[in-house]
>>> print(open('run-v1.cif').read())   # mmCIF, C-alpha atoms
data_work
#
loop_
_atom_site.label_atom_id
_atom_site.label_comp_id
_atom_site.auth_asym_id
_atom_site.auth_seq_id
_atom_site.Cartn_x
_atom_site.Cartn_y
_atom_site.Cartn_z
CA MET A 114 -23.66 -17.25 4.26
CA SER A 115 -21.90 -19.66 6.62
CA LYS A 116 -21.85 -17.00 9.35
CA LEU A 117 -25.55 -16.34 8.82
CA LEU A 118 -26.31 -20.04 9.14
CA GLU A 119 -24.12 -20.25 12.22
CA PHE A 120 -26.00 -17.36 13.81
CA ALA A 121 -29.40 -18.84 12.92
CA ARG A 122 -28.40 -22.20 14.39
CA SER A 123 -27.33 -20.79 17.77
CA PRO A 124 -27.35 -16.98 18.12
CA VAL A 125 -26.28 -17.03 21.78
CA ALA A 126 -23.25 -19.24 21.06
CA TYR A 127 -22.44 -17.12 17.98
CA VAL A 128 -22.26 -13.93 20.07
CA ALA A 129 -20.42 -15.71 22.89
CA ARG A 130 -17.63 -16.72 20.51
CA ARG A 131 -17.06 -13.09 19.52
CA TRP A 132 -17.70 -10.97 22.60
CA THR A 133 -16.33 -11.03 26.12
CA PRO A 134 -18.19 -8.72 28.53
CA SER A 135 -16.50 -7.23 31.56
CA GLN A 136 -17.55 -8.17 35.07
CA ARG A 137 -19.31 -4.84 35.42
CA THR A 138 -21.32 -5.50 32.26
CA VAL A 139 -22.46 -8.88 33.58
CA GLU A 140 -23.56 -7.29 36.84
CA ARG A 141 -25.40 -4.50 35.03
CA ALA A 142 -27.16 -6.94 32.71
CA THR A 143 -28.38 -9.14 35.56
CA LEU A 144 -29.43 -6.07 37.57
CA THR A 145 -31.41 -4.75 34.58
CA ALA A 146 -33.31 -8.04 34.38
CA LEU A 147 -34.04 -7.79 38.11
CA VAL A 148 -35.27 -4.20 37.82
CA MET A 149 -37.55 -5.10 34.91
CA SER A 150 -38.93 -8.04 36.92
CA VAL A 151 -39.96 -5.55 39.61
CA VAL A 152 -41.40 -3.16 37.01
CA ILE A 153 -43.58 -5.85 35.43
CA VAL A 154 -44.98 -6.82 38.83
CA VAL A 155 -45.84 -3.22 39.71
CA THR A 156 -47.34 -2.38 36.30
CA GLY A 157 -49.40 -5.55 36.48
CA GLY A 158 -50.75 -4.23 39.77
CA VAL A 159 -51.54 -0.89 38.12
CA VAL A 160 -53.57 -2.75 35.48
CA ARG A 161 -55.65 -4.35 38.23
CA LEU A 162 -55.96 -1.19 40.35
CA THR A 163 -57.21 0.89 37.41
CA GLY A 164 -59.81 -1.74 36.50
CA SER A 165 -58.05 -2.43 33.20
CA GLY A 166 -57.64 -6.18 33.61
CA LEU A 167 -60.06 -6.86 30.78
CA GLY A 168 -59.14 -3.76 28.78
CA CYS A 169 -58.01 -6.30 26.17
CA GLU A 170 -60.88 -8.74 26.13
CA THR A 171 -58.95 -11.73 24.82
CA TRP A 172 -55.44 -13.14 24.38
CA PRO A 173 -53.03 -13.21 22.55
CA LYS A 174 -54.94 -10.58 20.53
CA CYS A 175 -56.28 -7.51 22.28
CA SER A 176 -59.73 -8.05 20.78
CA GLY A 177 -61.34 -10.54 18.46
CA ASP A 178 -60.28 -8.60 15.35
CA SER A 179 -57.29 -6.53 16.50
CA LEU A 180 -53.85 -7.50 17.73
CA ILE A 181 -53.35 -4.11 19.42
CA ALA A 182 -55.55 -1.77 21.44
CA THR A 183 -57.86 0.49 19.42
CA PRO A 184 -59.24 3.95 20.32
CA GLU A 185 -62.64 2.36 20.92
CA MET A 186 -61.17 0.41 23.86
CA GLY A 187 -60.41 3.63 25.68
CA LEU A 188 -57.93 4.13 28.51
CA HIS A 189 -58.39 0.62 29.93
CA GLY A 190 -57.38 -0.98 26.65
CA ALA A 191 -54.32 1.26 26.39
CA ILE A 192 -53.20 0.40 29.95
CA GLU A 193 -53.64 -3.34 29.51
CA PHE A 194 -51.96 -3.40 26.10
CA GLY A 195 -49.14 -1.20 27.42
CA ASN A 196 -48.47 -3.75 30.14
CA ARG A 197 -48.34 -6.50 27.52
CA LEU A 198 -45.79 -4.47 25.54
CA LEU A 199 -43.62 -4.23 28.66
CA THR A 200 -43.23 -8.00 28.48
CA TYR A 201 -41.06 -7.45 25.39
CA VAL A 202 -38.89 -4.98 27.31
CA LEU A 203 -38.56 -7.57 30.08
CA SER A 204 -37.67 -10.21 27.49
CA ALA A 205 -34.98 -7.93 26.05
CA ALA A 206 -33.52 -7.38 29.54
CA VAL A 207 -33.49 -11.11 30.24
CA GLY A 208 -31.96 -11.73 26.81
CA TRP A 209 -29.15 -9.29 27.57
CA ALA A 210 -28.51 -11.07 30.88
CA ILE A 211 -28.37 -14.43 29.10
CA LEU A 212 -25.91 -13.12 26.48
CA ALA A 213 -23.69 -11.40 29.05
CA VAL A 214 -23.56 -14.40 31.39
CA ARG A 215 -22.99 -16.88 28.55
CA SER A 216 -20.26 -14.75 26.93
CA ALA A 217 -18.28 -14.05 30.11
CA GLU A 218 -14.97 -15.77 30.62
CA PRO A 219 -14.40 -18.11 32.29
CA ARG A 220 -17.75 -19.69 31.59
CA ARG A 221 -20.07 -20.11 34.61
CA ARG A 222 -22.60 -22.81 33.81
CA ASP A 223 -24.66 -22.46 37.01
CA LEU A 224 -25.07 -18.74 36.32
CA SER A 225 -26.12 -19.53 32.74
CA ARG A 226 -28.77 -21.92 34.02
CA LEU A 227 -30.16 -19.22 36.32
CA ALA A 228 -30.26 -16.71 33.46
CA TRP A 229 -32.03 -19.17 31.14
CA ALA A 230 -34.51 -20.02 33.91
CA GLN A 231 -35.63 -16.38 33.77
CA PHE A 232 -36.49 -16.79 30.08
CA TRP A 233 -38.71 -19.80 30.73
CA LEU A 234 -40.39 -18.04 33.65
CA VAL A 235 -41.15 -15.07 31.38
CA VAL A 236 -42.80 -17.48 28.95
CA ALA A 237 -44.76 -19.13 31.78
CA ASN A 238 -45.90 -15.73 33.05
CA ALA A 239 -47.08 -14.69 29.59
CA LEU A 240 -49.12 -17.87 29.26
CA MET A 241 -50.58 -17.47 32.75
CA GLY A 242 -51.42 -13.86 31.98
CA GLY A 243 -53.29 -15.04 28.90
CA ALA A 244 -55.14 -17.66 30.95
CA THR A 245 -56.08 -14.97 33.48
CA VAL A 246 -57.69 -12.85 30.76
CA LEU A 247 -59.43 -15.82 29.12
CA MET A 248 -60.83 -16.86 32.52
CA GLU A 249 -62.07 -13.28 33.07
CA LEU A 250 -59.81 -12.49 36.03
CA ASN A 251 -60.62 -15.53 38.11
CA PRO A 252 -59.00 -14.62 41.48
CA TYR A 253 -57.16 -17.93 41.68
CA THR A 254 -55.51 -17.42 38.29
CA VAL A 255 -54.67 -13.84 39.30
CA ALA A 256 -52.98 -15.21 42.44
CA ALA A 257 -51.12 -17.85 40.41
CA HIS A 258 -49.99 -15.15 37.97
CA PHE A 259 -48.56 -13.07 40.82
CA LEU A 260 -46.80 -16.06 42.38
CA LEU A 261 -45.23 -16.91 39.01
CA ALA A 262 -44.06 -13.32 38.74
CA THR A 263 -42.57 -13.67 42.22
CA ALA A 264 -40.76 -16.80 41.06
CA LEU A 265 -39.28 -14.76 38.20
CA LEU A 266 -38.29 -12.06 40.68
CA THR A 267 -36.63 -14.73 42.84
CA VAL A 268 -34.52 -16.17 40.03
CA ALA A 269 -33.62 -12.69 38.75
CA ALA A 270 -32.43 -11.70 42.24
CA LEU A 271 -30.44 -14.91 42.64
CA THR A 272 -28.82 -14.39 39.22
CA TRP A 273 -27.77 -10.86 40.14
CA LEU A 274 -26.45 -11.90 43.55
CA ARG A 275 -24.55 -14.90 42.14
CA ALA A 276 -23.04 -12.72 39.39
CA ARG A 277 -21.43 -10.59 42.10
CA GLU A 278 -19.68 -13.47 43.86
CA GLY A 279 -17.34 -16.30 42.91
CA ASP A 280 -17.74 -20.03 42.42
CA GLU A 281 -15.63 -21.25 45.32
CA GLU A 282 -17.04 -23.77 47.78
CA PRO A 283 -19.35 -21.80 50.13
CA ARG A 284 -17.66 -20.92 53.41
CA PRO A 285 -20.19 -20.31 56.23
CA LEU A 286 -19.89 -17.02 58.11
CA ALA A 287 -22.20 -18.15 60.93
CA GLY A 288 -23.23 -21.32 62.69
CA ALA A 289 -25.75 -23.85 61.41
CA ARG A 290 -28.50 -22.62 63.75
CA LEU A 291 -28.24 -19.08 62.50
CA ARG A 292 -28.31 -20.26 58.89
CA ARG A 293 -31.44 -22.32 59.60
CA LEU A 294 -33.04 -19.28 61.23
CA ALA A 295 -32.26 -17.22 58.12
CA TRP A 296 -33.93 -19.76 55.84
CA ALA A 297 -36.89 -20.00 58.22
CA LEU A 298 -37.19 -16.23 57.79
CA VAL A 299 -37.36 -16.73 54.02
CA ALA A 300 -40.09 -19.38 54.47
CA LEU A 301 -42.09 -17.03 56.71
CA CYS A 302 -41.81 -14.27 54.12
CA ALA A 303 -42.98 -16.67 51.39
CA ALA A 304 -46.05 -17.47 53.51
CA LEU A 305 -46.60 -13.72 53.93
CA ILE A 306 -46.61 -13.25 50.14
CA VAL A 307 -49.08 -16.10 49.65
CA ALA A 308 -51.32 -14.58 52.33
CA GLY A 309 -51.09 -11.28 50.46
CA THR A 310 -52.55 -12.93 47.35
CA VAL A 311 -55.51 -14.07 49.47
CA VAL A 312 -56.02 -10.49 50.69
CA THR A 313 -56.03 -9.40 47.05
CA GLY A 314 -58.37 -12.22 46.00
CA THR A 315 -60.92 -11.36 48.69
CA GLY A 316 -60.52 -7.57 48.51
CA PRO A 317 -62.34 -4.88 46.55
CA HIS A 318 -59.78 -4.40 43.75
CA ALA A 319 -60.95 -7.14 41.39
CA GLY A 320 -59.16 -5.73 38.35
CA ASP A 321 -62.22 -4.85 36.29
CA SER A 322 -65.33 -2.75 36.65
CA SER A 323 -67.56 -5.76 35.97
CA ASP A 324 -68.75 -8.21 38.63
CA VAL A 325 -65.61 -10.33 39.04
CA PRO A 326 -66.00 -13.13 41.63
CA ARG A 327 -63.82 -13.04 44.72
CA MET A 328 -62.15 -15.81 46.73
CA GLN A 329 -64.43 -17.50 49.26
CA LEU A 330 -61.70 -18.88 51.54
CA MET A 331 -62.39 -16.23 54.17
CA GLY A 332 -63.63 -12.68 54.45
CA TRP A 333 -61.39 -9.76 53.51
CA GLU A 334 -61.05 -8.60 57.13
CA ALA A 335 -59.90 -12.05 58.29
CA ALA A 336 -57.48 -12.33 55.38
CA ALA A 337 -56.01 -8.90 56.18
CA ARG A 338 -55.56 -9.79 59.87
CA THR A 339 -53.86 -13.09 58.98
CA HIS A 340 -51.55 -11.21 56.63
CA ALA A 341 -50.72 -8.71 59.38
CA LEU A 342 -49.95 -11.48 61.90
CA LEU A 343 -47.56 -13.11 59.44
CA ALA A 344 -45.94 -9.73 58.79
CA TRP A 345 -45.28 -9.30 62.53
CA ALA A 346 -43.86 -12.84 62.64
CA VAL A 347 -41.42 -11.89 59.87
CA VAL A 348 -40.45 -8.72 61.76
CA GLY A 349 -39.94 -10.73 64.96
CA ALA A 350 -37.79 -13.31 63.22
CA THR A 351 -35.72 -10.52 61.63
CA VAL A 352 -35.07 -8.88 65.00
CA LEU A 353 -34.23 -12.26 66.55
CA LEU A 354 -31.74 -13.03 63.78
CA TRP A 355 -30.11 -9.60 64.10
CA LEU A 356 -29.72 -9.98 67.87
CA ALA A 357 -28.27 -13.48 67.42
CA LEU A 358 -25.79 -12.20 64.84
CA ARG A 359 -24.74 -9.42 67.20
CA ALA A 360 -24.34 -11.91 70.05
CA VAL A 361 -21.86 -14.04 68.08
CA ASP A 362 -20.03 -11.00 66.67
CA ALA A 363 -20.95 -11.87 63.08
CA PRO A 364 -19.27 -10.10 60.14
CA ARG A 365 -20.56 -6.75 58.95
CA GLY A 366 -22.24 -8.12 55.79
CA PRO A 367 -24.91 -10.34 57.42
CA LEU A 368 -25.65 -7.64 60.01
CA ALA A 369 -26.09 -5.02 57.29
CA ARG A 370 -28.38 -7.23 55.19
CA THR A 371 -30.55 -8.05 58.24
CA ARG A 372 -30.76 -4.38 59.21
CA GLU A 373 -31.75 -3.43 55.66
CA LEU A 374 -34.51 -6.04 55.71
CA PHE A 375 -35.82 -4.64 59.00
CA LEU A 376 -35.96 -1.10 57.61
CA VAL A 377 -37.79 -2.23 54.46
CA LEU A 378 -40.25 -4.21 56.61
CA MET A 379 -40.95 -1.14 58.76
CA ALA A 380 -41.66 1.02 55.71
CA GLN A 381 -43.86 -1.70 54.23
CA GLY A 382 -45.73 -2.07 57.51
CA VAL A 383 -46.49 1.65 57.68
CA ILE A 384 -47.88 1.61 54.15
CA GLY A 385 -49.88 -1.54 54.91
CA TYR A 386 -51.59 -0.13 58.00
CA VAL A 387 -52.27 3.24 56.37
CA GLN A 388 -53.91 1.60 53.35
CA TYR A 389 -55.97 -0.63 55.67
CA LEU A 390 -57.23 2.37 57.70
CA THR A 391 -57.95 4.45 54.59
CA GLU A 392 -59.93 1.70 52.80
CA LEU A 393 -57.29 0.70 50.22
CA PRO A 394 -56.62 3.75 48.03
CA GLU A 395 -55.11 2.65 44.75
CA VAL A 396 -51.87 4.65 45.11
CA LEU A 397 -51.03 3.08 48.46
CA VAL A 398 -51.88 -0.41 47.21
CA ALA A 399 -49.45 0.09 44.33
CA LEU A 400 -46.75 1.31 46.75
CA HIS A 401 -47.41 -1.72 48.94
CA LEU A 402 -47.01 -3.98 45.93
CA PHE A 403 -43.67 -2.33 45.11
CA GLY A 404 -42.66 -2.72 48.75
CA SER A 405 -43.44 -6.43 48.66
CA CYS A 406 -40.90 -6.82 45.84
CA LEU A 407 -38.26 -4.98 47.87
CA VAL A 408 -39.02 -7.08 50.96
CA TRP A 409 -38.63 -10.31 49.00
CA ILE A 410 -35.31 -9.23 47.46
CA ALA A 411 -34.06 -8.09 50.87
CA VAL A 412 -35.02 -11.35 52.58
CA LEU A 413 -33.29 -13.42 49.89
CA ARG A 414 -30.07 -11.51 50.49
CA VAL A 415 -30.00 -12.43 54.19
CA PRO A 416 -29.21 -16.19 54.01
CA LEU A 417 -26.90 -15.65 51.03
CA SER A 418 -24.90 -13.16 53.10
CA LEU A 419 -24.19 -15.89 55.66
CA ARG A 420 -21.70 -17.59 53.36
CA GLU A 421 -18.79 -16.45 51.25
CA ARG A 422 -17.77 -17.68 47.79
CA GLY A 423 -14.90 -15.37 46.88
CA LEU A 424 -14.67 -12.84 44.10
CA PRO A 425 -16.25 -13.34 40.66
CA PRO A 426 -13.78 -15.11 38.32
CA ALA A 427 -13.44 -12.08 36.05
CA ALA A 428 -12.83 -9.69 38.96
CA ALA A 429 -10.33 -12.13 40.44
CA GLY A 430 -8.32 -12.11 37.22
CA GLY A 431 -10.16 -14.88 35.35
CA ALA A 432 -8.63 -17.81 37.18
CA GLY A 433 -8.72 -20.86 34.97
CA ALA A 434 -8.81 -18.93 31.71
CA ALA A 435 -5.88 -19.00 29.34
CA PRO A 436 -3.74 -15.84 29.59
CA VAL A 437 -3.71 -13.39 26.69
CA PRO A 438 -0.30 -13.25 24.94
CA ALA A 439 1.59 -10.03 25.67
CA ALA A 440 2.13 -9.38 21.94
CA SER A 441 -1.57 -9.65 21.15
CA PRO A 442 -2.97 -6.60 19.26
CA LEU A 443 -6.17 -6.93 21.33
CA PRO A 444 -5.20 -6.74 25.02
CA ALA A 445 -7.63 -8.01 27.62
CA ALA A 446 -10.03 -5.41 29.02
CA PRO A 447 -9.62 -4.52 32.71
CA ALA A 448 -11.95 -6.41 35.05
CA GLY A 449 -13.77 -3.22 36.04
CA ALA A 450 -14.27 -1.85 32.53
CA ALA A 451 -17.81 -0.83 31.77
CA GLY A 452 -18.06 -2.58 28.44
CA GLY A 453 -16.43 -5.65 26.98
CA ARG A 454 -14.47 -6.55 23.92
CA TRP A 455 -15.38 -7.93 20.54
CA ARG A 456 -12.78 -10.16 18.97
CA PRO A 457 -12.40 -12.43 15.99
CA ARG A 458 -13.55 -16.00 16.19
CA GLU A 459 -9.98 -17.33 16.05
CA ARG A 460 -8.99 -15.31 19.11
CA ARG A 461 -11.80 -16.78 21.19
CA ARG A 462 -10.72 -20.30 20.34
CA ALA A 463 -7.13 -19.49 21.21
CA GLY A 464 -8.30 -18.24 24.60
CA GLY A 465 -10.02 -21.49 25.46
CA GLY A 466 -13.63 -20.39 24.92
CA SER A 467 -16.21 -23.07 24.36
CA PRO A 468 -18.33 -22.83 21.19
CA ALA A 469 -21.12 -24.88 22.75
CA ALA A 470 -24.54 -23.30 23.08
CA GLY A 471 -25.51 -21.99 26.50
#
>>> encode(input="run-v1.cif", output="structure tokens")
Amino acid sequence: MSKLLEFARSPVAYVARRWTPSQRTVERATLTALVMSVVIVVTGGVVRLTGSGLGCETWPKCSGDSLIATPEMGLHGAIEFGNRLLTYVLSAAVGWAILAVRSAEPRRRDLSRLAWAQFWLVVANALMGGATVLMELNPYTVAAHFLLATALLTVAALTWLRAREGDEEPRPLAGARLRRLAWALVALCAALIVAGTVVTGTGPHAGDSSDVPRMQLMGWEAAARTHALLAWAVVGATVLLWLALRAVDAPRGPLARTRELFLVLMAQGVIGYVQYLTELPEVLVALHLFGSCLVWIAVLRVPLSLRERGLPPAAAGGAGAAPVPAASPLPAAPAGAAGGRWRPRERRRAGGGSPAAG
């Protein structure tokens, strides 16, 4: 009974006192949360592109008298409700990331904060999705919903990237001007994403077959041209950064990340122009939405590659953690092991683990 009460009081801390994941498990958990963040963005786009945005006419129920989609709602109801169910899969992925990060030794509090931030962003996205349905796909709430999903994608990417590096004081791998240029590139890409929401809000894919109002900021053609100009600005800044890195003989990592961003931008640009010239076929719009996620992840990796923070504590041998006695019947798992180890509560305390909630 005491263990049950302990679990009910703080399930994350309860698991953390009894399980130590390997470094590889932490990386896999954070990567899974990132992948699911991309999936939920793309499937949300599929809901809009198939005209299923109001397939469930209300929220949190699917209809006034049913929590789930019914056969009478047809394919649109099934698509919209299926996307809502994917939120639970995303929540499970984020929950695994939280447990893995919190249970790792030595404890990394900044990584725990990033993992927990994903949970709150999932909640915020669910509420904004409900508001979008209740406001009958108002284009401004649709844009806000996408930007919140991008915020989740940002934190998920940062969590994954931070899980793969250490906690040492950042050591710059390039000069201050190059680092500022890299962050300016991120800002340009953020403006590009915001402009993309305006293209969506003024374009023909309203998300439902009914007469959904569109944004009146500008016409669709003007919004698309503005988006294209910003895309070329991002490409230009990427090329400029790559040339500058080559000129100063920068390490291989920053050059590789910048080159990868350029390649993703080129592929995204081809899809963008083809969909523009072919009057926005749904398949290409969905591919473009997936590409925007890849571009954002790639651009976030660029400035982070311009500094070094050492190896993750677990991969480096768990510096700072108490060593496991040689005579222990439960030897420590290798840093690269795929799983982790489950051990009695007394062992965790002997190893210096904190019982505090994450």
>>> closest_atom_pairs(input="run-v1.cif", of="stretch 309-419 of chain A", to="stretch 156-161 of chain A", cutoff="8 Å", atoms="only C-alpha atoms", output="Markdown table")
| residue | atom | partner | partner_atom | distance |
| --- | --- | --- | --- | --- |
| A:His318 | CA | A:Arg161 | CA | 6.9 |
| A:Ala319 | CA | A:Arg161 | CA | 6.8 |
| A:Gly320 | CA | A:Arg161 | CA | 3.8 |
| A:Asp321 | CA | A:Arg161 | CA | 6.9 |
| A:Ala399 | CA | A:Gly158 | CA | 6.4 |
| A:Leu402 | CA | A:Gly158 | CA | 7.2 |
>>> closest_residue(input="run-v1.cif", among="A:Leu291, A:Leu301, A:Ala337, A:Leu240", to="A:Val361", atoms="only C-alpha atoms")
A:Leu291
>>> closest_residue(input="run-v1.cif", among="A:Glu395, A:Asp324, A:Glu170, A:Glu334", to="A:Ala244", atoms="only C-alpha atoms")
A:Glu170
>>> atom_distance(input="run-v1.cif", atom1="atom CA of A:Leu294", atom2="atom CA of A:Ala411")
15.3 Å
>>> atom_distance(input="run-v1.cif", atom1="atom CA of A:Val311", atom2="atom CA of A:Trp333")
8.3 Å
>>> resolve_selection(input="run-v1.cif", expression="the PyMOL selection byres ((chain A and resi 376) around 12)", output="VMD selection string")
chain A and resid 348 351 to 352 369 to 375 377 to 383 404 407 to 408 411 to 412
>>> residues_around(input="run-v1.cif", residues="stretch 218-231 of chain A", least_positions_apart="4", cutoff="6 Å", atoms="all atoms listed in the file", output="list in words")
Ile211, Val214, Leu265, Thr272 and Ala434 of chain A
>>> write_last_selection(input="run-v1.cif", atoms="C-alpha atoms", output="PDB file, in the coordinates of the input")
ATOM      1  CA  ILE A 211     -28.370 -14.430  29.100  1.00  0.00           C
ATOM      2  CA  VAL A 214     -23.560 -14.400  31.390  1.00  0.00           C
ATOM      3  CA  LEU A 265     -39.280 -14.760  38.200  1.00  0.00           C
ATOM      4  CA  THR A 272     -28.820 -14.390  39.220  1.00  0.00           C
ATOM      5  CA  ALA A 434      -8.810 -18.930  31.710  1.00  0.00           C
TER       6      ALA A 434
END
>>> resolve_selection(input="run-v1.cif", expression="the PyMOL selection byres ((chain A and resi 173-186) around 10)", output="list in words")
Leu167, Gly168, Cys169, Glu170, Thr171, Trp172, Gly187, Leu188, His189, Gly190, Ala191, Ile192, Glu193, Phe194, Gly195, Arg197, Leu198, Ala239, Leu240, Gly242, Gly243, Ala244, Val246 and Leu247 of chain A
>>> closest_residue(input="run-v1.cif", among="A:Pro426, A:Leu356, A:Thr391, A:Ala270", to="A:Ser135", atoms="all atoms listed in the file")
A:Pro426
>>> atom_distance(input="run-v1.cif", atom1="atom CA of A:His340", atom2="atom CA of A:Arg359")
28.9 Å
>>> closest_atom_pairs(input="run-v1.cif", of="stretch 347-370 of chain A", to="stretch 416-422 of chain A", cutoff="12 Å", atoms="only C-alpha atoms", output="CSV")
residue,atom,partner,partner_atom,distance
A:Thr351,CA,A:Pro416,CA,11.5
A:Leu354,CA,A:Pro416,CA,10.6
A:Leu358,CA,A:Leu419,CA,10.0
A:Ala363,CA,A:Leu419,CA,9.0
A:Pro364,CA,A:Leu419,CA,8.8
A:Arg365,CA,A:Ser418,CA,9.7
A:Gly366,CA,A:Ser418,CA,6.3
A:Pro367,CA,A:Ser418,CA,5.2
A:Leu368,CA,A:Ser418,CA,8.9
A:Ala369,CA,A:Ser418,CA,9.2
A:Arg370,CA,A:Ser418,CA,7.2
>>> axis_aligned_box(input="run-v1.cif", around="stretch 164-171 of chain A", padding_each_side="3 Å", output="lines of an AutoDock Vina configuration file")
center_x = -59.3
center_y = -6.7
center_z = 30.7
size_x = 9.2
size_y = 16.0
size_z = 17.7
>>> residues_near_point(input="run-v1.cif", point="(-34.3, -9.4, 39.2)", cutoff="6 Å", atoms="only C-alpha atoms", output="list in words")
Ala146, Leu147, Val148, Ser150, Leu266, Ala269 and Ala270 of chain A
>>> resolve_selection(input="run-v1.cif", expression="the PyMOL selection byres ((chain A and resi 303-306) around 10)", output="NGL selection string")
:A and (259-260 or 263 or 297-302 or 307-312 or 339-347 or 405-406 or 408-409 or 412)
>>> closest_residue(input="run-v1.cif", among="A:Ser165, A:Ser216, A:Asn196, A:Ser123", to="A:Thr138", atoms="only C-alpha atoms")
A:Ser216
>>> closest_residue(input="run-v1.cif", among="A:Tyr253, A:Asp280, A:Leu413, A:Leu234", to="A:Leu330", atoms="all atoms listed in the file")
A:Tyr253
